[in-house]
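Okay, model.pdb now, which holds PDB, C-alpha atoms:
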```pdb
ATOM      1  CA  MET T   1     133.312  29.363  92.921  1.00  0.00           C
ATOM      2  CA  ASN T   2     135.976  27.009  94.259  1.00  0.00           C
ATOM      3  CA  ILE T   3     135.524  24.676  91.305  1.00  0.00           C
ATOM      4  CA  LEU T   4     136.750  27.520  89.085  1.00  0.00           C
ATOM      5  CA  GLY T   5     140.048  27.465  91.011  1.00  0.00           C
ATOM      6  CA  TYR T   6     140.516  23.770  90.360  1.00  0.00           C
ATOM      7  CA  ILE T   7     139.657  24.200  86.689  1.00  0.00           C
ATOM      8  CA  SER T   8     142.020  27.195  86.404  1.00  0.00           C
ATOM      9  CA  ASN T   9     144.824  25.052  87.774  1.00  0.00           C
ATOM     10  CA  MET T  10     144.372  22.594  84.902  1.00  0.00           C
ATOM     11  CA  GLY T  11     143.883  25.046  82.024  1.00  0.00           C
ATOM     12  CA  ILE T  12     147.450  25.864  81.020  1.00  0.00           C
ATOM     13  CA  PRO T  13     148.860  22.322  81.268  1.00  0.00           C
ATOM     14  CA  VAL T  14     146.005  20.846  79.240  1.00  0.00           C
ATOM     15  CA  ILE T  15     146.447  23.547  76.585  1.00  0.00           C
ATOM     16  CA  LEU T  16     150.208  22.843  76.501  1.00  0.00           C
ATOM     17  CA  PHE T  17     149.516  19.131  76.088  1.00  0.00           C
ATOM     18  CA  VAL T  18     147.050  19.787  73.246  1.00  0.00           C
ATOM     19  CA  ILE T  19     149.551  22.118  71.532  1.00  0.00           C
ATOM     20  CA  GLY T  20     152.171  19.381  71.909  1.00  0.00           C
ATOM     21  CA  ILE T  21     149.874  16.806  70.312  1.00  0.00           C
ATOM     22  CA  PHE T  22     148.972  19.179  67.481  1.00  0.00           C
ATOM     23  CA  PHE T  23     152.566  20.130  66.645  1.00  0.00           C
ATOM     24  CA  THR T  24     153.763  16.536  66.999  1.00  0.00           C
ATOM     25  CA  VAL T  25     151.113  15.292  64.564  1.00  0.00           C
ATOM     26  CA  LYS T  26     151.129  18.299  62.239  1.00  0.00           C
ATOM     27  CA  PRO T  27     154.196  20.513  62.687  1.00  0.00           C
ATOM     28  CA  ALA T  28     154.505  23.750  60.741  1.00  0.00           C
ATOM     29  CA  THR T  29     156.152  22.587  57.517  1.00  0.00           C
ATOM     30  CA  LYS T  30     156.946  25.900  55.846  1.00  0.00           C
ATOM     31  CA  ILE T  31     159.076  28.613  57.389  1.00  0.00           C
ATOM     32  CA  ASN T  32     156.696  31.384  58.455  1.00  0.00           C
ATOM     33  CA  ASN T  33     156.207  34.202  60.914  1.00  0.00           C
ATOM     34  CA  LEU T  34     152.842  33.053  62.300  1.00  0.00           C
ATOM     35  CA  SER T  35     153.098  29.620  63.898  1.00  0.00           C
ATOM     36  CA  GLY T  36     155.639  27.263  65.346  1.00  0.00           C
ATOM     37  CA  HIS T  37     158.997  27.911  66.983  1.00  0.00           C
ATOM     38  CA  ARG T  38     160.026  31.100  65.189  1.00  0.00           C
ATOM     39  CA  THR T  39     163.538  32.296  65.945  1.00  0.00           C
ATOM     40  CA  LYS T  40     166.431  33.481  63.838  1.00  0.00           C
ATOM     41  CA  TYR T  41     168.138  30.127  64.324  1.00  0.00           C
ATOM     42  CA  SER T  42     165.077  28.011  63.491  1.00  0.00           C
ATOM     43  CA  LYS T  43     164.444  30.002  60.293  1.00  0.00           C
ATOM     44  CA  LEU T  44     167.962  29.606  58.855  1.00  0.00           C
ATOM     45  CA  ASN T  45     166.834  26.873  56.449  1.00  0.00           C
ATOM     46  CA  GLN T  46     164.289  24.087  56.062  1.00  0.00           C
ATOM     47  CA  GLN T  47     166.388  21.584  58.067  1.00  0.00           C
ATOM     48  CA  THR T  48     166.635  23.843  61.109  1.00  0.00           C
ATOM     49  CA  TRP T  49     162.953  24.721  60.780  1.00  0.00           C
ATOM     50  CA  ASP T  50     161.856  21.070  60.650  1.00  0.00           C
ATOM     51  CA  TYR T  51     164.055  20.142  63.612  1.00  0.00           C
ATOM     52  CA  ALA T  52     162.747  23.073  65.682  1.00  0.00           C
ATOM     53  CA  GLN T  53     159.097  22.232  64.969  1.00  0.00           C
ATOM     54  CA  ARG T  54     159.492  18.534  65.838  1.00  0.00           C
ATOM     55  CA  THR T  55     161.382  19.359  69.020  1.00  0.00           C
ATOM     56  CA  MET T  56     158.864  22.036  70.013  1.00  0.00           C
ATOM     57  CA  GLY T  57     155.955  19.614  69.645  1.00  0.00           C
ATOM     58  CA  LYS T  58     157.662  16.911  71.704  1.00  0.00           C
ATOM     59  CA  THR T  59     158.703  19.417  74.366  1.00  0.00           C
ATOM     60  CA  TYR T  60     155.207  20.851  74.805  1.00  0.00           C
ATOM     61  CA  LEU T  61     153.784  17.321  74.871  1.00  0.00           C
ATOM     62  CA  ILE T  62     156.149  16.262  77.663  1.00  0.00           C
ATOM     63  CA  VAL T  63     155.975  19.524  79.638  1.00  0.00           C
ATOM     64  CA  GLY T  64     152.189  19.605  79.268  1.00  0.00           C
ATOM     65  CA  ALA T  65     151.896  16.025  80.531  1.00  0.00           C
ATOM     66  CA  ILE T  66     154.192  16.694  83.498  1.00  0.00           C
ATOM     67  CA  TYR T  67     152.415  19.935  84.413  1.00  0.00           C
ATOM     68  CA  THR T  68     149.018  18.232  84.051  1.00  0.00           C
ATOM     69  CA  ILE T  69     150.034  15.493  86.481  1.00  0.00           C
ATOM     70  CA  ILE T  70     151.512  17.994  88.938  1.00  0.00           C
ATOM     71  CA  SER T  71     148.417  20.225  88.732  1.00  0.00           C
ATOM     72  CA  ALA T  72     146.087  17.260  89.234  1.00  0.00           C
ATOM     73  CA  VAL T  73     148.057  16.184  92.337  1.00  0.00           C
ATOM     74  CA  VAL T  74     147.960  19.762  93.679  1.00  0.00           C
ATOM     75  CA  ASN T  75     144.199  19.904  93.038  1.00  0.00           C
ATOM     76  CA  ILE T  76     143.657  16.615  94.876  1.00  0.00           C
ATOM     77  CA  MET T  77     145.742  17.817  97.825  1.00  0.00           C
ATOM     78  CA  LEU T  78     143.884  21.154  97.959  1.00  0.00           C
ATOM     79  CA  PHE T  79     140.520  19.412  97.755  1.00  0.00           C
ATOM     80  CA  LYS T  80     141.370  16.852 100.447  1.00  0.00           C
ATOM     81  CA  GLN T  81     142.592  19.608 102.772  1.00  0.00           C
ATOM     82  CA  GLY T  82     139.425  21.595 102.142  1.00  0.00           C
ATOM     83  CA  ILE T  83     141.298  24.730 101.123  1.00  0.00           C
ATOM     84  CA  LYS T  84     138.908  27.443  99.971  1.00  0.00           C
ATOM     85  CA  GLY T  85     138.717  31.118  99.201  1.00  0.00           C
ATOM     86  CA  ASP T  86     141.860  33.235  99.314  1.00  0.00           C
ATOM     87  CA  GLU T  87     144.165  30.331 100.155  1.00  0.00           C
ATOM     88  CA  LEU T  88     142.896  28.401  97.139  1.00  0.00           C
ATOM     89  CA  TRP T  89     143.352  31.347  94.791  1.00  0.00           C
ATOM     90  CA  LEU T  90     146.817  32.116  96.165  1.00  0.00           C
ATOM     91  CA  THR T  91     147.853  28.519  95.525  1.00  0.00           C
ATOM     92  CA  VAL T  92     146.284  28.573  92.059  1.00  0.00           C
ATOM     93  CA  GLY T  93     148.163  31.796  91.305  1.00  0.00           C
ATOM     94  CA  VAL T  94     151.487  30.261  92.321  1.00  0.00           C
ATOM     95  CA  VAL T  95     150.821  27.107  90.287  1.00  0.00           C
ATOM     96  CA  VAL T  96     149.812  29.144  87.227  1.00  0.00           C
ATOM     97  CA  LEU T  97     152.985  31.255  87.533  1.00  0.00           C
ATOM     98  CA  VAL T  98     155.058  28.062  87.557  1.00  0.00           C
ATOM     99  CA  GLN T  99     153.115  26.762  84.548  1.00  0.00           C
ATOM    100  CA  CYS T 100     153.962  29.952  82.655  1.00  0.00           C
ATOM    101  CA  THR T 101     157.595  28.788  82.561  1.00  0.00           C
ATOM    102  CA  ALA T 102     156.676  26.311  79.797  1.00  0.00           C
ATOM    103  CA  PRO T 103     157.506  28.631  76.866  1.00  0.00           C
ATOM    104  CA  LEU T 104     160.886  29.406  78.450  1.00  0.00           C
ATOM    105  CA  ILE T 105     161.593  25.692  78.922  1.00  0.00           C
ATOM    106  CA  GLU T 106     160.577  25.007  75.316  1.00  0.00           C
ATOM    107  CA  TYR T 107     162.733  27.866  74.022  1.00  0.00           C
ATOM    108  CA  VAL T 108     165.833  26.726  75.905  1.00  0.00           C
ATOM    109  CA  ILE T 109     165.439  23.077  74.862  1.00  0.00           C
ATOM    110  CA  VAL T 110     164.832  23.849  71.177  1.00  0.00           C
ATOM    111  CA  GLU T 111     167.526  26.501  70.853  1.00  0.00           C
ATOM    112  CA  ASN T 112     170.121  24.370  72.653  1.00  0.00           C
ATOM    113  CA  GLY T 113     169.195  21.446  70.408  1.00  0.00           C
ATOM    114  CA  LEU T 114     169.572  23.621  67.315  1.00  0.00           C
ATOM    115  CA  LYS T 115     172.998  24.829  68.468  1.00  0.00           C
ATOM    116  CA  ARG T 116     174.147  21.267  69.167  1.00  0.00           C
ATOM    117  CA  LYS T 117     172.900  19.860  65.864  1.00  0.00           C
ATOM    118  CA  PHE T 118     173.549  22.783  63.478  1.00  0.00           C
ATOM    119  CA  ASP T 119     176.313  25.346  63.033  1.00  0.00           C
ATOM    120  CA  GLU T 120     175.623  29.099  62.788  1.00  0.00           C
ATOM    121  CA  ASN T 121     174.899  28.737  59.039  1.00  0.00           C
ATOM    122  CA  GLY T 122     172.324  25.974  59.552  1.00  0.00           C
ATOM    123  CA  ASN T 123     174.561  23.123  58.383  1.00  0.00           C
ATOM    124  CA  ILE T 124     174.488  19.851  60.299  1.00  0.00           C
ATOM    125  CA  ARG T 125     177.512  19.530  62.589  1.00  0.00           C
ATOM    126  CA  LYS T 126     179.842  16.616  61.926  1.00  0.00           C
TER     127      LYS T 126
END
```

The structure given in the file should be rewritten as structure tokens.
Amino acid sequence: MNILGYISNMGIPVILFVIGIFFTVKPATKINNLSGHRTKYSKLNQQTWDYAQRTMGKTYLIVGAIYTIISAVVNIMLFKQGIKGDELWLTVGVVVLVQCTAPLIEYVIVENGLKRKFDENGNIRK
């Protein structure tokens, strides 16, 4: 049962990393309402869309890698200390809650990048 705790700790960061790889290699190329970074700002035109998708992929790749490393270190520390049962699951819960900040981090980075690079009409700032 304890192995499930260690695996749970790694789930979200690995998924984030895989999403980052996928969207870095094959970003959503057409403006749509199903996949990619979909906000009013990113859907202004094709330039804003392309920028948002590239930035989203890179962000998830980096955040996923960082969270994977952190989660692996936490798992090693928990394992070496022999933490089991409720203490393990409490720690896993806290780590997973922290990992759930990834979409917020991605949103802030992409939207701030869009606002720096493009004006409110989607034209590149000079």

Item checked: Evaluate the PyMOL selection byres ((chain T and resi 25) around 12) and report residues as a list in words -> Val18, Ile19, Gly20, Ile21, Phe22, Phe23, Thr24, Lys26, Pro27, Ala28, Thr29, Gln53, Arg54, Thr55, Met56, Gly57, Lys58 and Leu61 of chain T

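Take the candidates T:Val98, T:Ala52, T:Met10, T:Leu34 and check each one against Gly113 (chain T) using all atoms listed in the file; the shortest distance goes to T:Ala52.
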
Next item on the list: Figure out the distance between CA of Asn112 (chain T) and CA of Asn45 (chain T), please, to one decimal in Å.
Entry: 16.7 Å

Item checked: Selection under test: the PyMOL selection byres ((chain T and resi 64) around 10); residues as a list in words -> Ile12, Pro13, Val14, Ile15, Leu16, Phe17, Val18, Ile19, Gly20, Ile21, Lys58, Thr59, Tyr60, Leu61, Ile62, Val63, Ala65, Ile66, Tyr67, Thr68, Ile69, Ile70, Gln99 and Ala102 of chain T

Next item on the list: Using all atoms listed in the file, pick whichever of T:Gln47, T:Thr91, T:Asn9, T:Thr39 has the shortest atom-to-atom distance to Val108 (chain T).
Entry: T:Thr39

Next item on the list: Between T:Thr48, T:Ile76, T:Gly5, T:Ile105, single out the one closest to Leu90 (chain T), counting all atoms listed in the file.
Entry: T:Gly5

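For the pair CA of Ser71 (chain T) and CA of Arg38 (chain T), the separation is 28.4 Å.
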
Note to self: Can you tell me which residues surround Leu114 (chain T) at a distance of at most 9 Å, considering all atoms listed in the file, apart from same-chain residues fewer than 2 positions away, and format the answer as a VMD selection string?
What the structure shows: chain T and resid 41 to 42 48 51 to 52 109 to 112 116 to 119 122

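For the pair CA of Gln46 (chain T) and CA of Cys100 (chain T), the separation is 29.1 Å.
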
For region 108-115 of chain T, take all atoms listed in the file, fit an axis-aligned box around them, add 8 Å to each of the six sides, then output centre and edge lengths in Å rounded to one decimal, as JSON.
```
{"center_x": 168.9, "center_y": 24.1, "center_z": 71.6, "size_x": 24.2, "size_y": 21.3, "size_z": 24.6}
```

Note to self: Ranking T:Asn75, T:Thr101, T:Ser35, T:Asn123 by minimum distance to Asn2 (chain T) and counting all atoms listed in the file, which one comes first?
What the structure shows: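 With all atoms listed in the file as the atom set, the closest residue is T:Asn75.
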
Check: Which residue out of T:Leu88, T:Leu78, T:Ile83, T:Ala72 has the minimum interatomic distance to Gly11 (chain T) when all atoms listed in the file are used?
Finding: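 For Gly11 (chain T), the nearest of the candidates is T:Ala72.
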